[in-house]
Amino acid sequence: MTGLGPRAAALIRRGLLALFFCWVVTAGASAGTVRGTGDVGIIIERATGRVLIVEHSHCSQIGAVDGLGDLSHASAVFSRDGRYAFVFGRDGSLSKVDLIEATLVRRIVQAGNAIGGAISADGRLIAVSNYEPGGVNVFDAETLDLVADLPAESGGRRSKVVGLVETADGAFVYTLYDAGEIWIADVADRARPSIRKFTGIGALPYDGVTLDAGRYYLAGLFGEDGLALLDLWRPDAGVRRVMAGYGKGEEPLPVYKMPHLQGVAVAGGLVFLPAVGRHELLVADARSWAEVARIPVHGQPVFAVARPDGRQVWVNFAHPRNDTVQVIDVPSLSVAHTLKPGKAVMHLEFTPKGDQVWISARDDDKVRIYDPRTLAEVGAITAEKPSGIFFTARAGRLGY
Amino acid sequence: MRVAPSPGPALALLLAALPAHSDEIGPAREAYLANLLTQDCGSCHGLTMKGGLGPPLLPAALAERDDALLVETILDGRPGTPMPPWRFELSEQEAAWLVKRLREGVQ
């Protein structure tokens with residue numbers, strides 16, 4: 001490599017290595033190409049209103065779709081056939097993206113300000129959780145026509161809605177941030193939706209997720225220590241507080257980014273939760289919710305995501321410690337590895353069987369791909385300010 | 001703030017050519033702050049500042065509030081809400097610069 005500096009040579013070596021592990025195929029899925037979507041996903045480019053279509057068999061970009069609007073905090077769900085992504089934009093938009101044709105099928109702006117959404121268990125309905133006006137709008141997944149408008153009104157005031165998920169029973173569950181309530185909306189009768197309300201679940205619930213393959217609904221609280229748990233097998237038993245007072249007597253640190261509960265790690269019979277305002281990962285017994293451990297980590301955790309087999313939990317952190325990802329070894333409940341995937345790590349997504357983990361480094365304009373076993377970087381995708389990464393395997397999971 | 005012996009004419013000329021504040025924010029720092037505003041403030045207030053979990057910070061939304069209050073909110077946060085203090089990494093002058101950007105409208 002005469003004439004090249006050591007840096008360039010290292011880059012080339014790294015490139016060759018990436019090539020070795022992950023054949024970079026530039027020929028994308030041009031329209032008309034016959035292919036499945038089981039290995040396909042999208043990367044949100046939050047600042048440019050674009051999503052990249054990628055595949056994880058060869059770690060390449062196979063398309064891009066523009067014109068999706070303000071994608072800060074955007075998330076996505078997938079049609080049950082894995083062909084379409086439904087992208088929820090902060091600007092209240094709902095976009096239906098065809099992953100095969102790489103086209104924007106339809107985009108509607110359904111509210112002033114939205115946070116995320118869900119697809120019903122039968123795949124026919126898309127529900128969107130809105131901040132402004134606070135509530136949930138439900139759409140036909142085929143046409144994106146409005147099916148139901150469910151205002152989140154409590155005590156005469158509209159509340160922002162977070163943590164919207166679908167249940168196996170065909171309902172949607174969501175949390176009212178301002179009101180501190182969990183609602184279950186059954187829209188089986190489209191003309192007459194019925195809503196069951198659980199009030200007084202705790203102060204400022206900031207997110208909600210399903211656990212245990214859809215049995216439980218768990219909402220994290222910002223305004224107090226602990227989480228609110230609803231057993232969807234036995235909703236009559238009501239919402240109970242778990243991990244109450246995990247920070248008793250300690251002043252929490254200011255929070256520079258809210259933890260996100262989606263992908264919350266359940267591994268080896270344990271639940272791994274980001275502690276709000278603490279440099280800790282909380283570990284609880286998944287059955288009894290007894291606190292098992294607190295693992296000191298690099299910063300305030302944002303995502304704590306388990307490798308699909310539960311052997312490792314990967315954690316990223318809030319600003320300004322967001323250049324780091326730590327890998328928790330589940331059997332020993334300790335930090336096994338610390339990685340620096342780049343500036344402003346936003347999100348982590350495992351491939352369905354856990355042979356790769358994709359990590360977005362927003363301020364490096366890169367998504368870096370690692371082998372969780374060896375921690376080797378096996379590929380990378382260039383993206384402009386990438387944030388969320390979503391693979392179509394989510395189509396088959398409740399709450400994803 | 002210069003409280004120093006009166007400078008000679010040549011030095012006075014030189015000072016006049018410099019920006020009004022000796023500790024002017026440099027271009028690199030401005031770029032950092034602009035990114036911080038869009039991306040990190042934007043994670044709660046929206047990339048276009050139209051609001052999110054945090055309230056909107058559009059020029060119209062801030063019109064009624066004076067600079068001092070906004071600078072204080074940035075530096076010290078708002079206890080009882082998720083708004084954290086940023087004093088650990090921002091100076092008063094930098095917070096004021098962010099407020100100015102917000103008033104002009106972030107694009």
# chains A, B, ... in the order shown; residues from 1 in each chain; ligands from 1
call {"tool": "interface_residues", "arguments": {"of": "chain B", "to": "chain A", "cutoff": "7 Å", "atoms": "only C-alpha atoms", "output": "JSON, numbers by chain"}}
result
{"B": [43, 46, 47, 52, 82, 84, 85]}
call {"tool": "closest_residue", "arguments": {"among": "A:Pro341, A:Gly220, A:Gly354, A:Gly200", "to": "Gly238 of chain A", "atoms": "only C-alpha atoms"}}
result
A:Gly200
call {"tool": "residues_around", "arguments": {"residues": "Leu102 of chain B", "least_positions_apart": "6", "cutoff": "7 Å", "atoms": "only C-alpha atoms", "output": "PDB file with N, CA and C atoms, in the first residue's frame"}}
result
ATOM      1  N   LEU B  57     -41.393  25.659  20.685  1.00  0.00           N
ATOM      2  CA  LEU B  57     -40.476  26.791  20.892  1.00  0.00           C
ATOM      3  C   LEU B  57     -40.440  27.656  19.637  1.00  0.00           C
ATOM      4  N   LEU B  58     -41.565  27.738  18.948  1.00  0.00           N
ATOM      5  CA  LEU B  58     -41.629  28.571  17.752  1.00  0.00           C
ATOM      6  C   LEU B  58     -41.646  30.043  18.172  1.00  0.00           C
ATOM      7  N   PRO B  59     -41.213  30.941  17.270  1.00  0.00           N
ATOM      8  CA  PRO B  59     -41.160  32.365  17.631  1.00  0.00           C
ATOM      9  C   PRO B  59     -42.453  32.873  18.274  1.00  0.00           C
TER      10      PRO B  59
END
call {"tool": "residues_around", "arguments": {"residues": "Leu211 of chain A", "least_positions_apart": "2", "cutoff": "12 Å", "atoms": "only C-alpha atoms", "output": "PyMOL selection string"}}
result
chain A and resi 165-167+208-209+213-219+229-232+261-267+269-273+286-287+397-400
call {"tool": "residues_around", "arguments": {"residues": "segment 322-336 of chain A", "least_positions_apart": "4", "cutoff": "9 Å", "atoms": "only C-alpha atoms", "output": "list in words"}}
result
Ala267, Gly268, Leu270, Val283, Ala293, Arg294, Ile295, Pro296, Val297, His298, Gly299, Gly310, Arg311, Gln312, Val313, Trp314, Val315, Asn316, Phe317, Ala318, Lys340, Pro341, Gly342, Lys343, Ala344, Val345, Met346, Ala361 and Pro372 of chain A
call {"tool": "atom_distance", "arguments": {"atom1": "atom CA of Arg124 of chain A", "atom2": "atom CA of Ser79 of chain A"}}
result
8.6 Å
